[in-house]
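Trainee: You'll find final-v9.txt just under this line, and it carries compact mmCIF, N, CA and C atoms.
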```txt
# COMPACT_ATOMS: atom_id res chain seq x y z
N MET Y 1145 -6.50 6.15 13.99
CA MET Y 1145 -6.32 4.73 14.21
C MET Y 1145 -5.31 4.18 13.20
N ARG Y 1146 -4.32 3.48 13.67
CA ARG Y 1146 -3.31 2.87 12.82
C ARG Y 1146 -3.81 1.50 12.36
N LEU Y 1147 -3.81 1.28 11.05
CA LEU Y 1147 -4.25 0.01 10.50
C LEU Y 1147 -3.16 -1.05 10.67
N MET Y 1148 -3.57 -2.27 10.60
CA MET Y 1148 -2.61 -3.38 10.62
C MET Y 1148 -1.83 -3.37 9.31
N GLU Y 1149 -0.64 -3.91 9.35
CA GLU Y 1149 0.23 -3.97 8.17
C GLU Y 1149 -0.49 -4.60 6.98
N SER Y 1150 -1.21 -5.69 7.21
CA SER Y 1150 -1.88 -6.37 6.10
C SER Y 1150 -2.94 -5.48 5.45
N ALA Y 1151 -3.69 -4.74 6.25
CA ALA Y 1151 -4.71 -3.84 5.69
C ALA Y 1151 -4.06 -2.75 4.85
N GLU Y 1152 -2.94 -2.21 5.34
CA GLU Y 1152 -2.23 -1.18 4.57
C GLU Y 1152 -1.73 -1.76 3.25
N ASN Y 1153 -1.23 -3.00 3.28
CA ASN Y 1153 -0.76 -3.65 2.05
C ASN Y 1153 -1.91 -3.84 1.06
N TYR Y 1154 -3.07 -4.24 1.55
CA TYR Y 1154 -4.21 -4.42 0.66
C TYR Y 1154 -4.61 -3.10 0.02
N LEU Y 1155 -4.67 -2.04 0.81
CA LEU Y 1155 -5.06 -0.74 0.26
C LEU Y 1155 -4.06 -0.25 -0.77
N GLU Y 1156 -2.77 -0.42 -0.48
CA GLU Y 1156 -1.75 -0.02 -1.46
C GLU Y 1156 -1.86 -0.87 -2.72
N THR Y 1157 -2.11 -2.15 -2.57
CA THR Y 1157 -2.26 -3.03 -3.73
C THR Y 1157 -3.45 -2.62 -4.58
N ILE Y 1158 -4.57 -2.30 -3.95
CA ILE Y 1158 -5.75 -1.85 -4.70
C ILE Y 1158 -5.40 -0.59 -5.49
N TYR Y 1159 -4.70 0.33 -4.85
CA TYR Y 1159 -4.29 1.58 -5.51
C TYR Y 1159 -3.41 1.29 -6.74
N VAL Y 1160 -2.41 0.46 -6.56
CA VAL Y 1160 -1.49 0.13 -7.65
C VAL Y 1160 -2.21 -0.59 -8.78
N LEU Y 1161 -3.05 -1.56 -8.44
CA LEU Y 1161 -3.79 -2.30 -9.47
C LEU Y 1161 -4.78 -1.42 -10.21
N LYS Y 1162 -5.41 -0.51 -9.50
CA LYS Y 1162 -6.35 0.42 -10.15
C LYS Y 1162 -5.62 1.23 -11.21
N ARG Y 1163 -4.41 1.68 -10.88
CA ARG Y 1163 -3.61 2.45 -11.85
C ARG Y 1163 -3.20 1.58 -13.03
N GLU Y 1164 -2.90 0.31 -12.79
CA GLU Y 1164 -2.45 -0.59 -13.85
C GLU Y 1164 -3.60 -1.13 -14.70
N LEU Y 1165 -4.70 -1.52 -14.03
CA LEU Y 1165 -5.77 -2.24 -14.71
C LEU Y 1165 -7.01 -1.41 -15.01
N GLY Y 1166 -7.19 -0.33 -14.28
CA GLY Y 1166 -8.40 0.48 -14.44
C GLY Y 1166 -9.51 0.05 -13.49
N GLU Y 1167 -9.74 -1.23 -13.39
CA GLU Y 1167 -10.74 -1.79 -12.48
C GLU Y 1167 -10.10 -2.91 -11.68
N VAL Y 1168 -10.54 -3.10 -10.45
CA VAL Y 1168 -9.92 -4.10 -9.58
C VAL Y 1168 -11.00 -5.01 -9.00
N ARG Y 1169 -10.74 -6.30 -9.08
CA ARG Y 1169 -11.58 -7.30 -8.45
C ARG Y 1169 -10.73 -8.10 -7.46
N ALA Y 1170 -11.39 -8.83 -6.60
CA ALA Y 1170 -10.68 -9.63 -5.59
C ALA Y 1170 -9.69 -10.59 -6.23
N VAL Y 1171 -10.04 -11.16 -7.35
CA VAL Y 1171 -9.15 -12.11 -8.03
C VAL Y 1171 -7.85 -11.42 -8.47
N ASP Y 1172 -7.94 -10.15 -8.85
CA ASP Y 1172 -6.74 -9.41 -9.24
C ASP Y 1172 -5.79 -9.24 -8.05
N ILE Y 1173 -6.38 -8.95 -6.90
CA ILE Y 1173 -5.59 -8.79 -5.67
C ILE Y 1173 -4.96 -10.12 -5.28
N ALA Y 1174 -5.76 -11.20 -5.36
CA ALA Y 1174 -5.25 -12.53 -5.03
C ALA Y 1174 -4.08 -12.90 -5.94
N ASN Y 1175 -4.22 -12.66 -7.23
CA ASN Y 1175 -3.16 -12.99 -8.18
C ASN Y 1175 -1.91 -12.15 -7.92
N HIS Y 1176 -2.10 -10.88 -7.65
CA HIS Y 1176 -0.97 -9.97 -7.43
C HIS Y 1176 -0.19 -10.33 -6.17
N LEU Y 1177 -0.91 -10.66 -5.11
CA LEU Y 1177 -0.26 -10.95 -3.83
C LEU Y 1177 0.07 -12.42 -3.62
N GLY Y 1178 -0.51 -13.28 -4.45
CA GLY Y 1178 -0.28 -14.72 -4.30
C GLY Y 1178 -1.04 -15.32 -3.13
N PHE Y 1179 -2.18 -14.71 -2.79
CA PHE Y 1179 -3.01 -15.20 -1.69
C PHE Y 1179 -4.24 -15.90 -2.26
N SER Y 1180 -4.91 -16.69 -1.43
CA SER Y 1180 -6.12 -17.36 -1.88
C SER Y 1180 -7.27 -16.35 -1.97
N LYS Y 1181 -8.21 -16.66 -2.85
CA LYS Y 1181 -9.37 -15.78 -3.00
C LYS Y 1181 -10.19 -15.69 -1.71
N PRO Y 1182 -10.38 -16.78 -0.95
CA PRO Y 1182 -11.10 -16.66 0.32
C PRO Y 1182 -10.40 -15.71 1.31
N SER Y 1183 -9.08 -15.73 1.34
CA SER Y 1183 -8.35 -14.81 2.22
C SER Y 1183 -8.60 -13.36 1.81
N ILE Y 1184 -8.58 -13.12 0.52
CA ILE Y 1184 -8.82 -11.77 0.00
C ILE Y 1184 -10.26 -11.35 0.32
N SER Y 1185 -11.21 -12.25 0.14
CA SER Y 1185 -12.61 -11.93 0.41
C SER Y 1185 -12.81 -11.52 1.87
N THR Y 1186 -12.17 -12.23 2.77
CA THR Y 1186 -12.26 -11.89 4.20
C THR Y 1186 -11.68 -10.52 4.46
N ALA Y 1187 -10.53 -10.24 3.88
CA ALA Y 1187 -9.89 -8.94 4.07
C ALA Y 1187 -10.73 -7.82 3.47
N MET Y 1188 -11.30 -8.04 2.29
CA MET Y 1188 -12.11 -7.01 1.64
C MET Y 1188 -13.37 -6.72 2.46
N LYS Y 1189 -13.92 -7.75 3.07
CA LYS Y 1189 -15.09 -7.54 3.93
C LYS Y 1189 -14.74 -6.62 5.09
N MET Y 1190 -13.59 -6.85 5.72
CA MET Y 1190 -13.14 -6.02 6.83
C MET Y 1190 -12.89 -4.57 6.36
N LEU Y 1191 -12.25 -4.42 5.22
CA LEU Y 1191 -11.97 -3.07 4.71
C LEU Y 1191 -13.27 -2.35 4.34
N ARG Y 1192 -14.21 -3.08 3.77
CA ARG Y 1192 -15.50 -2.48 3.42
C ARG Y 1192 -16.27 -2.06 4.67
N GLU Y 1193 -16.32 -2.93 5.66
CA GLU Y 1193 -17.04 -2.63 6.90
C GLU Y 1193 -16.43 -1.46 7.66
N ASN Y 1194 -15.13 -1.23 7.48
CA ASN Y 1194 -14.46 -0.12 8.15
C ASN Y 1194 -14.36 1.14 7.30
N GLY Y 1195 -15.00 1.11 6.13
CA GLY Y 1195 -15.11 2.31 5.32
C GLY Y 1195 -13.91 2.65 4.45
N TYR Y 1196 -13.05 1.68 4.17
CA TYR Y 1196 -11.87 1.95 3.35
C TYR Y 1196 -12.06 1.63 1.88
N ILE Y 1197 -13.04 0.77 1.57
CA ILE Y 1197 -13.34 0.42 0.18
C ILE Y 1197 -14.85 0.33 -0.02
N THR Y 1198 -15.22 0.36 -1.28
CA THR Y 1198 -16.58 0.03 -1.68
C THR Y 1198 -16.48 -1.11 -2.69
N VAL Y 1199 -17.55 -1.88 -2.80
CA VAL Y 1199 -17.60 -2.97 -3.78
C VAL Y 1199 -18.90 -2.80 -4.56
N SER Y 1200 -18.76 -2.67 -5.88
CA SER Y 1200 -19.93 -2.46 -6.73
C SER Y 1200 -20.69 -3.77 -6.92
N ASN Y 1201 -21.87 -3.65 -7.52
CA ASN Y 1201 -22.66 -4.85 -7.84
C ASN Y 1201 -21.91 -5.78 -8.80
N SER Y 1202 -21.02 -5.20 -9.60
CA SER Y 1202 -20.20 -5.98 -10.53
C SER Y 1202 -18.95 -6.53 -9.87
N LYS Y 1203 -18.84 -6.33 -8.54
CA LYS Y 1203 -17.72 -6.84 -7.73
C LYS Y 1203 -16.41 -6.09 -7.95
N TYR Y 1204 -16.49 -4.87 -8.50
CA TYR Y 1204 -15.30 -4.05 -8.62
C TYR Y 1204 -15.04 -3.35 -7.29
N ILE Y 1205 -13.79 -3.30 -6.91
CA ILE Y 1205 -13.38 -2.73 -5.63
C ILE Y 1205 -12.81 -1.34 -5.87
N ALA Y 1206 -13.27 -0.38 -5.08
CA ALA Y 1206 -12.77 0.99 -5.19
C ALA Y 1206 -12.41 1.51 -3.80
N LEU Y 1207 -11.41 2.34 -3.75
CA LEU Y 1207 -11.01 2.96 -2.48
C LEU Y 1207 -11.93 4.13 -2.16
N THR Y 1208 -12.32 4.25 -0.91
CA THR Y 1208 -13.02 5.44 -0.45
C THR Y 1208 -11.96 6.53 -0.24
N LYS Y 1209 -12.37 7.72 0.12
CA LYS Y 1209 -11.41 8.78 0.39
C LYS Y 1209 -10.45 8.34 1.50
N GLU Y 1210 -10.99 7.73 2.55
CA GLU Y 1210 -10.15 7.26 3.66
C GLU Y 1210 -9.17 6.19 3.19
N GLY Y 1211 -9.66 5.27 2.37
CA GLY Y 1211 -8.79 4.22 1.84
C GLY Y 1211 -7.71 4.77 0.93
N LEU Y 1212 -8.09 5.74 0.09
CA LEU Y 1212 -7.13 6.36 -0.81
C LEU Y 1212 -6.06 7.12 -0.03
N ASP Y 1213 -6.47 7.82 1.02
CA ASP Y 1213 -5.50 8.54 1.84
C ASP Y 1213 -4.44 7.60 2.41
N VAL Y 1214 -4.88 6.46 2.93
CA VAL Y 1214 -3.94 5.47 3.48
C VAL Y 1214 -3.07 4.91 2.37
N ALA Y 1215 -3.68 4.53 1.25
CA ALA Y 1215 -2.93 3.93 0.15
C ALA Y 1215 -1.86 4.88 -0.39
N LEU Y 1216 -2.21 6.15 -0.54
CA LEU Y 1216 -1.25 7.13 -1.06
C LEU Y 1216 -0.09 7.31 -0.10
N LYS Y 1217 -0.39 7.37 1.19
CA LYS Y 1217 0.66 7.54 2.19
C LYS Y 1217 1.62 6.34 2.18
N ILE Y 1218 1.07 5.14 2.19
CA ILE Y 1218 1.90 3.93 2.20
C ILE Y 1218 2.70 3.83 0.90
N HIS Y 1219 2.06 4.14 -0.21
CA HIS Y 1219 2.74 4.07 -1.51
C HIS Y 1219 3.89 5.07 -1.58
N GLU Y 1220 3.67 6.28 -1.08
CA GLU Y 1220 4.75 7.27 -1.07
C GLU Y 1220 5.91 6.80 -0.19
N MET Y 1221 5.59 6.27 0.98
CA MET Y 1221 6.64 5.75 1.86
C MET Y 1221 7.42 4.64 1.16
N HIS Y 1222 6.70 3.75 0.52
CA HIS Y 1222 7.32 2.62 -0.17
C HIS Y 1222 8.30 3.12 -1.24
N ARG Y 1223 7.82 4.01 -2.10
CA ARG Y 1223 8.66 4.54 -3.18
C ARG Y 1223 9.87 5.30 -2.64
N THR Y 1224 9.62 6.16 -1.65
CA THR Y 1224 10.70 6.98 -1.09
C THR Y 1224 11.76 6.11 -0.43
N LEU Y 1225 11.33 5.18 0.40
CA LEU Y 1225 12.28 4.30 1.08
C LEU Y 1225 13.05 3.43 0.09
N ALA Y 1226 12.36 2.85 -0.87
CA ALA Y 1226 13.03 1.99 -1.86
C ALA Y 1226 14.06 2.79 -2.65
N ASN Y 1227 13.67 3.97 -3.10
CA ASN Y 1227 14.61 4.80 -3.86
C ASN Y 1227 15.82 5.20 -3.02
N PHE Y 1228 15.58 5.50 -1.75
CA PHE Y 1228 16.68 5.84 -0.85
C PHE Y 1228 17.63 4.66 -0.71
N PHE Y 1229 17.10 3.48 -0.47
CA PHE Y 1229 17.94 2.29 -0.32
C PHE Y 1229 18.73 2.00 -1.60
N ILE Y 1230 18.07 2.14 -2.74
CA ILE Y 1230 18.75 1.93 -4.03
C ILE Y 1230 19.89 2.93 -4.20
N SER Y 1231 19.64 4.19 -3.79
CA SER Y 1231 20.69 5.21 -3.90
C SER Y 1231 21.89 4.89 -3.01
N LEU Y 1232 21.67 4.10 -1.98
CA LEU Y 1232 22.77 3.69 -1.10
C LEU Y 1232 23.53 2.49 -1.66
N GLY Y 1233 23.01 1.91 -2.74
CA GLY Y 1233 23.67 0.77 -3.36
C GLY Y 1233 23.01 -0.57 -3.09
N VAL Y 1234 21.87 -0.56 -2.41
CA VAL Y 1234 21.14 -1.80 -2.16
C VAL Y 1234 20.51 -2.25 -3.48
N ASN Y 1235 20.56 -3.56 -3.77
CA ASN Y 1235 19.95 -4.02 -5.03
C ASN Y 1235 18.44 -3.78 -4.97
N GLU Y 1236 17.85 -3.63 -6.15
CA GLU Y 1236 16.45 -3.22 -6.24
C GLU Y 1236 15.50 -4.19 -5.53
N LYS Y 1237 15.70 -5.48 -5.71
CA LYS Y 1237 14.80 -6.47 -5.09
C LYS Y 1237 14.82 -6.34 -3.57
N THR Y 1238 16.01 -6.25 -3.00
CA THR Y 1238 16.13 -6.12 -1.55
C THR Y 1238 15.58 -4.78 -1.09
N ALA Y 1239 15.85 -3.72 -1.84
CA ALA Y 1239 15.36 -2.39 -1.47
C ALA Y 1239 13.83 -2.37 -1.43
N LEU Y 1240 13.19 -2.98 -2.42
CA LEU Y 1240 11.73 -3.02 -2.46
C LEU Y 1240 11.16 -3.84 -1.30
N GLU Y 1241 11.79 -4.98 -1.01
CA GLU Y 1241 11.32 -5.83 0.08
C GLU Y 1241 11.49 -5.12 1.43
N ASP Y 1242 12.64 -4.49 1.64
CA ASP Y 1242 12.88 -3.80 2.91
C ASP Y 1242 11.95 -2.59 3.06
N ALA Y 1243 11.74 -1.87 1.98
CA ALA Y 1243 10.84 -0.72 2.03
C ALA Y 1243 9.43 -1.16 2.41
N CYS Y 1244 9.00 -2.30 1.89
CA CYS Y 1244 7.66 -2.82 2.20
C CYS Y 1244 7.52 -3.15 3.67
N LYS Y 1245 8.59 -3.61 4.28
CA LYS Y 1245 8.55 -3.92 5.71
C LYS Y 1245 8.57 -2.65 6.57
N ILE Y 1246 9.45 -1.74 6.23
CA ILE Y 1246 9.67 -0.55 7.05
C ILE Y 1246 8.51 0.44 6.94
N GLU Y 1247 7.87 0.53 5.78
CA GLU Y 1247 6.83 1.53 5.55
C GLU Y 1247 5.69 1.44 6.57
N HIS Y 1248 5.52 0.30 7.18
CA HIS Y 1248 4.42 0.10 8.12
C HIS Y 1248 4.79 0.48 9.56
N TYR Y 1249 6.07 0.67 9.81
CA TYR Y 1249 6.51 0.88 11.19
C TYR Y 1249 7.23 2.21 11.42
N ILE Y 1250 7.67 2.85 10.36
CA ILE Y 1250 8.38 4.11 10.51
C ILE Y 1250 7.40 5.18 11.00
N SER Y 1251 7.86 6.01 11.92
CA SER Y 1251 6.98 7.07 12.44
C SER Y 1251 6.81 8.17 11.40
N ASP Y 1252 5.72 8.90 11.51
CA ASP Y 1252 5.51 10.04 10.61
C ASP Y 1252 6.64 11.05 10.76
N GLU Y 1253 7.08 11.27 11.99
CA GLU Y 1253 8.16 12.23 12.22
C GLU Y 1253 9.44 11.82 11.49
N THR Y 1254 9.83 10.56 11.64
CA THR Y 1254 11.05 10.09 10.99
C THR Y 1254 10.91 10.14 9.48
N PHE Y 1255 9.77 9.72 8.96
CA PHE Y 1255 9.57 9.74 7.51
C PHE Y 1255 9.61 11.16 6.98
N ASP Y 1256 8.95 12.09 7.68
CA ASP Y 1256 8.95 13.49 7.25
C ASP Y 1256 10.37 14.04 7.20
N LYS Y 1257 11.18 13.71 8.20
CA LYS Y 1257 12.58 14.17 8.24
C LYS Y 1257 13.38 13.54 7.10
N LEU Y 1258 13.17 12.27 6.84
CA LEU Y 1258 13.86 11.59 5.74
C LEU Y 1258 13.48 12.23 4.41
N ARG Y 1259 12.20 12.43 4.19
CA ARG Y 1259 11.72 13.03 2.95
C ARG Y 1259 12.32 14.43 2.77
N ALA Y 1260 12.31 15.23 3.84
CA ALA Y 1260 12.87 16.58 3.77
C ALA Y 1260 14.37 16.53 3.46
N HIS Y 1261 15.07 15.60 4.09
CA HIS Y 1261 16.51 15.45 3.85
C HIS Y 1261 16.79 15.08 2.40
N LEU Y 1262 16.01 14.16 1.85
CA LEU Y 1262 16.22 13.72 0.47
C LEU Y 1262 15.94 14.84 -0.52
N LYS Y 1263 15.00 15.72 -0.19
CA LYS Y 1263 14.68 16.84 -1.09
C LYS Y 1263 15.77 17.89 -1.10
N THR Y 1264 16.58 17.95 -0.06
CA THR Y 1264 17.64 18.96 0.01
C THR Y 1264 18.95 18.47 -0.60
N GLU Y 1265 19.01 17.20 -0.95
CA GLU Y 1265 20.25 16.66 -1.53
C GLU Y 1265 20.39 17.07 -2.97
```
Using the file provided, produce a representation of the structure as structure tokens.
Mentor:
Amino acid sequence: MRLMESAENYLETIYVLKRELGEVRAVDIANHLGFSKPSISTAMKMLRENGYITVSNSKYIALTKEGLDVALKIHEMHRTLANFFISLGVNEKTALEDACKIEHYISDETFDKLRAHLKTE
């Protein structure tokens, strides 16, 4: 099942924040993304109900194996695409923004070919 773009963004954000902060709460996600806490709470409920995250009694959010798999895939796509665009001469801000858009729509086949091509350069 392919997740919606917003769900993939939330999972990637949780992954990145976990690496930066050690522990992640909804307020951290809200601050990072610039969204309201109620919006984040609604999204976290959906991710929890679908088995992508767990929430501890202390309200810390953690990725399940399924959530981590999605987050790692999206994060790799984001980094690879952004680095590719930067290597073409695109400024970093634009490269990061474009990579964030494309990472949700590029096919696995196309991404695999791009990744393989970049490794042979």
Trainee: Quick one: pick out all alpha helix (DSSP H) residues within chain Y from a backbone DSSP run and write them as a ChimeraX atom specification.
Mentor: /Y:1149-1165,1170-1177,1181-1193,1209-1231,1236-1246,1252-1264
Trainee: Find the residues around segment 1218-1228 of chain Y up to 6 Å (only C-alpha atoms counted), leave out those fewer than 4 positions away in its own chain, and share them as a list in words.
Mentor: Ala1239, Leu1240, Ala1243, Cys1244 and Glu1247 of chain Y
Trainee: Pick out the closest residue to Arg1192 of chain Y from this set: Y:Asp1242, Y:Val1214, Y:Leu1207, Y:Ile1158. Count only C-alpha atoms.
Mentor: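 Closest to Arg1192 of chain Y of all the choices is Y:Leu1207.
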Trainee: Could you check which residues have any atom within 12 Å of (-1.4, -4.8, 5.7), counting only C-alpha atoms with coordinates taken straight from the file, and then list them as a list in words?
Mentor: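 The answer, in the requested form, is Arg1146, Leu1147, Met1148, Glu1149, Ser1150, Ala1151, Glu1152, Asn1153, Tyr1154, Leu1155, Glu1156, Thr1157, Ile1158, Leu1177, Ile1184, Ala1187, Met1188, Met1190, Leu1191, Val1214, Ala1215, Ile1218, Cys1244, Lys1245, Ile1246, Glu1247, His1248 and Tyr1249 of chain Y.
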Trainee: Just N, CA and C atoms for this one: save the residues we selected as a JSON list (two decimals), keeping the file's coordinate frame.
Mentor:
```
[["chain", "number", "residue", "atom", "x", "y", "z"],
["Y", 1146, "ARG", "N", -4.32, 3.48, 13.67],
["Y", 1146, "ARG", "CA", -3.31, 2.87, 12.82],
["Y", 1146, "ARG", "C", -3.81, 1.50, 12.36],
["Y", 1147, "LEU", "N", -3.81, 1.28, 11.05],
["Y", 1147, "LEU", "CA", -4.25, 0.01, 10.50],
["Y", 1147, "LEU", "C", -3.16, -1.05, 10.67],
["Y", 1148, "MET", "N", -3.57, -2.27, 10.60],
["Y", 1148, "MET", "CA", -2.61, -3.38, 10.62],
["Y", 1148, "MET", "C", -1.83, -3.37, 9.31],
["Y", 1149, "GLU", "N", -0.64, -3.91, 9.35],
["Y", 1149, "GLU", "CA", 0.23, -3.97, 8.17],
["Y", 1149, "GLU", "C", -0.49, -4.60, 6.98],
["Y", 1150, "SER", "N", -1.21, -5.69, 7.21],
["Y", 1150, "SER", "CA", -1.88, -6.37, 6.10],
["Y", 1150, "SER", "C", -2.94, -5.48, 5.45],
["Y", 1151, "ALA", "N", -3.69, -4.74, 6.25],
["Y", 1151, "ALA", "CA", -4.71, -3.84, 5.69],
["Y", 1151, "ALA", "C", -4.06, -2.75, 4.85],
["Y", 1152, "GLU", "N", -2.94, -2.21, 5.34],
["Y", 1152, "GLU", "CA", -2.23, -1.18, 4.57],
["Y", 1152, "GLU", "C", -1.73, -1.76, 3.25],
["Y", 1153, "ASN", "N", -1.23, -3.00, 3.28],
["Y", 1153, "ASN", "CA", -0.76, -3.65, 2.05],
["Y", 1153, "ASN", "C", -1.91, -3.84, 1.06],
["Y", 1154, "TYR", "N", -3.07, -4.24, 1.55],
["Y", 1154, "TYR", "CA", -4.21, -4.42, 0.66],
["Y", 1154, "TYR", "C", -4.61, -3.10, 0.02],
["Y", 1155, "LEU", "N", -4.67, -2.04, 0.81],
["Y", 1155, "LEU", "CA", -5.06, -0.74, 0.26],
["Y", 1155, "LEU", "C", -4.06, -0.25, -0.77],
["Y", 1156, "GLU", "N", -2.77, -0.42, -0.48],
["Y", 1156, "GLU", "CA", -1.75, -0.02, -1.46],
["Y", 1156, "GLU", "C", -1.86, -0.87, -2.72],
["Y", 1157, "THR", "N", -2.11, -2.15, -2.57],
["Y", 1157, "THR", "CA", -2.26, -3.03, -3.73],
["Y", 1157, "THR", "C", -3.45, -2.62, -4.58],
["Y", 1158, "ILE", "N", -4.57, -2.30, -3.95],
["Y", 1158, "ILE", "CA", -5.75, -1.85, -4.70],
["Y", 1158, "ILE", "C", -5.40, -0.59, -5.49],
["Y", 1177, "LEU", "N", -0.91, -10.66, -5.11],
["Y", 1177, "LEU", "CA", -0.26, -10.95, -3.83],
["Y", 1177, "LEU", "C", 0.07, -12.42, -3.62],
["Y", 1184, "ILE", "N", -8.58, -13.12, 0.52],
["Y", 1184, "ILE", "CA", -8.82, -11.77, 0.00],
["Y", 1184, "ILE", "C", -10.26, -11.35, 0.32],
["Y", 1187, "ALA", "N", -10.53, -10.24, 3.88],
["Y", 1187, "ALA", "CA", -9.89, -8.94, 4.07],
["Y", 1187, "ALA", "C", -10.73, -7.82, 3.47],
["Y", 1188, "MET", "N", -11.30, -8.04, 2.29],
["Y", 1188, "MET", "CA", -12.11, -7.01, 1.64],
["Y", 1188, "MET", "C", -13.37, -6.72, 2.46],
["Y", 1190, "MET", "N", -13.59, -6.85, 5.72],
["Y", 1190, "MET", "CA", -13.14, -6.02, 6.83],
["Y", 1190, "MET", "C", -12.89, -4.57, 6.36],
["Y", 1191, "LEU", "N", -12.25, -4.42, 5.22],
["Y", 1191, "LEU", "CA", -11.97, -3.07, 4.71],
["Y", 1191, "LEU", "C", -13.27, -2.35, 4.34],
["Y", 1214, "VAL", "N", -4.88, 6.46, 2.93],
["Y", 1214, "VAL", "CA", -3.94, 5.47, 3.48],
["Y", 1214, "VAL", "C", -3.07, 4.91, 2.37],
["Y", 1215, "ALA", "N", -3.68, 4.53, 1.25],
["Y", 1215, "ALA", "CA", -2.93, 3.93, 0.15],
["Y", 1215, "ALA", "C", -1.86, 4.88, -0.39],
["Y", 1218, "ILE", "N", 1.07, 5.14, 2.19],
["Y", 1218, "ILE", "CA", 1.90, 3.93, 2.20],
["Y", 1218, "ILE", "C", 2.70, 3.83, 0.90],
["Y", 1244, "CYS", "N", 9.00, -2.30, 1.89],
["Y", 1244, "CYS", "CA", 7.66, -2.82, 2.20],
["Y", 1244, "CYS", "C", 7.52, -3.15, 3.67],
["Y", 1245, "LYS", "N", 8.59, -3.61, 4.28],
["Y", 1245, "LYS", "CA", 8.55, -3.92, 5.71],
["Y", 1245, "LYS", "C", 8.57, -2.65, 6.57],
["Y", 1246, "ILE", "N", 9.45, -1.74, 6.23],
["Y", 1246, "ILE", "CA", 9.67, -0.55, 7.05],
["Y", 1246, "ILE", "C", 8.51, 0.44, 6.94],
["Y", 1247, "GLU", "N", 7.87, 0.53, 5.78],
["Y", 1247, "GLU", "CA", 6.83, 1.53, 5.55],
["Y", 1247, "GLU", "C", 5.69, 1.44, 6.57],
["Y", 1248, "HIS", "N", 5.52, 0.30, 7.18],
["Y", 1248, "HIS", "CA", 4.42, 0.10, 8.12],
["Y", 1248, "HIS", "C", 4.79, 0.48, 9.56],
["Y", 1249, "TYR", "N", 6.07, 0.67, 9.81],
["Y", 1249, "TYR", "CA", 6.51, 0.88, 11.19],
["Y", 1249, "TYR", "C", 7.23, 2.21, 11.42]]
```
Trainee: Using atom N of Asp1252 of chain Y and atom C of Asp1213 of chain Y as the two end points, give the distance in Å to one decimal.
Mentor: 13.7 Å
Trainee: For atom CA of Tyr1159 of chain Y and atom N of Leu1212 of chain Y, determine how far apart the two atoms are, in Å to one decimal place.
Mentor: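 Interatomic distance here is 7.9 Å.
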Trainee: Mind working out the centre and edge lengths of an axis-aligned box for segment 1203-1210 of chain Y, all listed atoms inside, 5 Å added to each side, rounded to one decimal in Å and written as AutoDock Vina command-line options?
Mentor:
```
--center_x -14.0 --center_y 1.0 --center_z -2.5 --size_x 19.7 --size_y 25.6 --size_z 22.3
```
Trainee: In Å, rounded to a single decimal, give me how far atom CA of Glu1241 of chain Y is from atom CA of Ser1185 of chain Y.
Mentor: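 Those two atoms sit 24.7 Å apart.
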